[in-house]
Amino acid sequence: MIDFDVQLTHPAIRDIREISEDAHSRIIDGIIGLRQDPFPFPPLKKKLKGFAFPLYRLRVADYRILYRIDKTTVTILRVVDRKDLEKPIKHLNR
C-alpha cells in the first residue's frame with residue numbers, strides 16, 4: 001500500500017494552532033492516518049457532494065478535517081469545529 005504525502009494549507013495550520021490541547025493530539029493522529037488511507041469509508045470519512053473538485057471530510061471528535069486527494073497527495077484544507085462547518089464549506093465551494 002502507498003503512503004500518501006500530506007500537505008497543510010495556511011488556513012489549516014492556523015486552525016490547528018487554535019484547537020484546544022485536548023483535541024490537538026487526536027486531530028494530528030487523524031491527519032497521520034490519512035497518509036495510509038485517505039479514501040472515504042463512512043461514518044468517519046465521507047465524500048462531500050456539490051463541489052467542483054472532490055472534497056472529503058474526516059470526523060475527529062467535535063472537529064471536521066476537510067481535505068482533497070490529488071494522485072498521491074492529500075491536501076488538508078481546513079480543520080473546523082462541527083458547529084462552525086457551514087461557513088468554511090461555503091467558502092471552499094467558490
# chains A, B, ... in the order shown; residues from 1 in each chain; ligands from 1

call {"tool": "residues_around", "arguments": {"residues": "region 66-77 of chain A", "least_positions_apart": "6", "cutoff": "10 Å", "atoms": "only C-alpha atoms", "output": "VMD selection string"}}
result
chain A and resid 2 to 13 15 31 34 to 35 37 to 39 45 to 48 53 to 59 85 88 to 89 92

call {"tool": "write_last_selection", "arguments": {"atoms": "N, CA and C atoms", "output": "CSV table (one decimal), in the first residue's frame"}}
result
chain,number,residue,atom,x,y,z
A,2,ILE,N,0.5,2.3,-0.7
A,2,ILE,CA,1.2,3.5,-0.9
A,2,ILE,C,1.0,4.4,0.3
A,3,ASP,N,2.0,5.1,0.8
A,3,ASP,CA,1.8,6.2,1.8
A,3,ASP,C,1.6,7.4,1.0
A,4,PHE,N,0.6,8.2,1.3
A,4,PHE,CA,0.3,9.4,0.6
A,4,PHE,C,1.1,10.6,1.3
A,5,ASP,N,1.4,11.6,0.5
A,5,ASP,CA,2.0,12.8,1.1
A,5,ASP,C,0.9,13.6,1.6
A,6,VAL,N,1.1,14.3,2.7
A,6,VAL,CA,0.1,15.1,3.4
A,6,VAL,C,0.7,16.6,3.4
A,7,GLN,N,-0.1,17.5,2.8
A,7,GLN,CA,0.2,18.9,2.8
A,7,GLN,C,-0.9,19.6,3.6
A,8,LEU,N,-0.5,20.7,4.3
A,8,LEU,CA,-1.5,21.5,5.0
A,8,LEU,C,-1.5,22.9,4.4
A,9,THR,N,-2.6,23.5,4.2
A,9,THR,CA,-2.7,24.8,3.7
A,9,THR,C,-2.5,25.8,4.9
A,10,HIS,N,-2.3,27.0,4.6
A,10,HIS,CA,-2.1,28.0,5.7
A,10,HIS,C,-3.3,28.1,6.6
A,11,PRO,N,-4.6,28.1,6.0
A,11,PRO,CA,-5.7,28.2,6.9
A,11,PRO,C,-5.8,26.9,7.8
A,12,ALA,N,-5.4,25.8,7.3
A,12,ALA,CA,-5.5,24.5,8.1
A,12,ALA,C,-4.5,24.6,9.2
A,13,ILE,N,-3.3,25.1,9.0
A,13,ILE,CA,-2.3,25.3,10.0
A,13,ILE,C,-2.8,26.3,11.1
A,15,ASP,N,-5.9,26.9,11.8
A,15,ASP,CA,-7.0,26.2,12.5
A,15,ASP,C,-6.4,25.2,13.6
A,31,ILE,N,-4.9,13.1,11.0
A,31,ILE,CA,-4.1,13.6,9.8
A,31,ILE,C,-3.1,12.6,9.4
A,34,LEU,N,-4.5,9.7,7.5
A,34,LEU,CA,-4.8,9.9,6.1
A,34,LEU,C,-3.7,9.6,5.2
A,35,ARG,N,-2.5,9.5,5.7
A,35,ARG,CA,-1.3,9.1,4.9
A,35,ARG,C,-1.5,7.7,4.4
A,37,ASP,N,-4.6,5.8,4.5
A,37,ASP,CA,-5.9,5.6,3.8
A,37,ASP,C,-6.8,6.8,3.8
A,38,PRO,N,-6.6,7.6,2.8
A,38,PRO,CA,-7.4,8.9,2.7
A,38,PRO,C,-8.8,8.7,2.1
A,39,PHE,N,-9.1,7.5,1.5
A,39,PHE,CA,-10.3,7.4,0.8
A,39,PHE,C,-11.5,7.1,1.8
A,45,LYS,N,-15.1,8.9,7.5
A,45,LYS,CA,-14.7,9.6,6.3
A,45,LYS,C,-15.9,9.7,5.3
A,46,LYS,N,-16.0,10.8,4.6
A,46,LYS,CA,-17.1,10.9,3.8
A,46,LYS,C,-16.8,11.8,2.6
A,47,LYS,N,-17.2,11.5,1.4
A,47,LYS,CA,-17.0,12.4,0.2
A,47,LYS,C,-18.2,13.3,0.2
A,48,LEU,N,-17.9,14.6,0.1
A,48,LEU,CA,-18.9,15.7,0.2
A,48,LEU,C,-19.4,15.9,-1.3
A,53,PHE,N,-14.5,20.2,-7.3
A,53,PHE,CA,-13.5,19.3,-7.1
A,53,PHE,C,-13.9,18.3,-6.0
A,54,PRO,N,-13.3,17.1,-6.0
A,54,PRO,CA,-13.7,16.1,-4.9
A,54,PRO,C,-13.2,16.6,-3.6
A,55,LEU,N,-14.1,16.7,-2.6
A,55,LEU,CA,-13.8,17.2,-1.3
A,55,LEU,C,-14.3,16.1,-0.3
A,56,TYR,N,-13.4,15.9,0.7
A,56,TYR,CA,-13.7,14.8,1.7
A,56,TYR,C,-13.7,15.4,3.1
A,57,ARG,N,-14.3,14.7,4.0
A,57,ARG,CA,-14.4,15.2,5.4
A,57,ARG,C,-14.1,14.0,6.3
A,58,LEU,N,-13.2,14.2,7.2
A,58,LEU,CA,-12.9,13.3,8.3
A,58,LEU,C,-13.4,13.8,9.6
A,59,ARG,N,-14.1,12.9,10.3
A,59,ARG,CA,-14.7,13.3,11.6
A,59,ARG,C,-13.7,12.9,12.7
A,85,LEU,N,-18.9,24.5,10.7
A,85,LEU,CA,-18.6,23.9,9.5
A,85,LEU,C,-19.2,24.6,8.2
A,88,PRO,N,-16.9,27.7,6.4
A,88,PRO,CA,-15.8,27.2,5.6
A,88,PRO,C,-16.1,26.4,4.4
A,89,ILE,N,-17.2,25.6,4.5
A,89,ILE,CA,-17.6,24.8,3.3
A,89,ILE,C,-18.1,25.8,2.2
A,92,LEU,N,-15.2,27.3,0.5
A,92,LEU,CA,-14.4,26.3,-0.4
A,92,LEU,C,-15.2,26.1,-1.7

call {"tool": "select_by_dssp", "arguments": {"residues": "region 4-91 of chain A", "states": "strand (DSSP E or B)", "output": "MDAnalysis selection string"}}
result
chainID A and resid 5:8 45:48 55:60 63:70 73:81

call {"tool": "select_by_dssp", "arguments": {"residues": "region 2-94 of chain A", "states": "helix (DSSP H, G or I)", "output": "PyMOL selection string"}}
result
chain A and resi 10-18+21-36+82-84+86-92

call {"tool": "residues_around", "arguments": {"residues": "Ala23 (chain A)", "least_positions_apart": "2", "cutoff": "9 Å", "atoms": "only C-alpha atoms", "output": "list in words"}}
result
Ile19, Ser20, Glu21, Ser25, Arg26, Ile27, Ile28, Val60, Ala61, Asp62 and Tyr63 of chain A

call {"tool": "atom_distance", "arguments": {"atom1": "CA of Gly33 (chain A)", "atom2": "CA of Lys83 (chain A)"}}
result
23.4 Å

call {"tool": "atom_distance", "arguments": {"atom1": "CA of Phe41 (chain A)", "atom2": "CA of Glu18 (chain A)"}}
result
27.6 Å
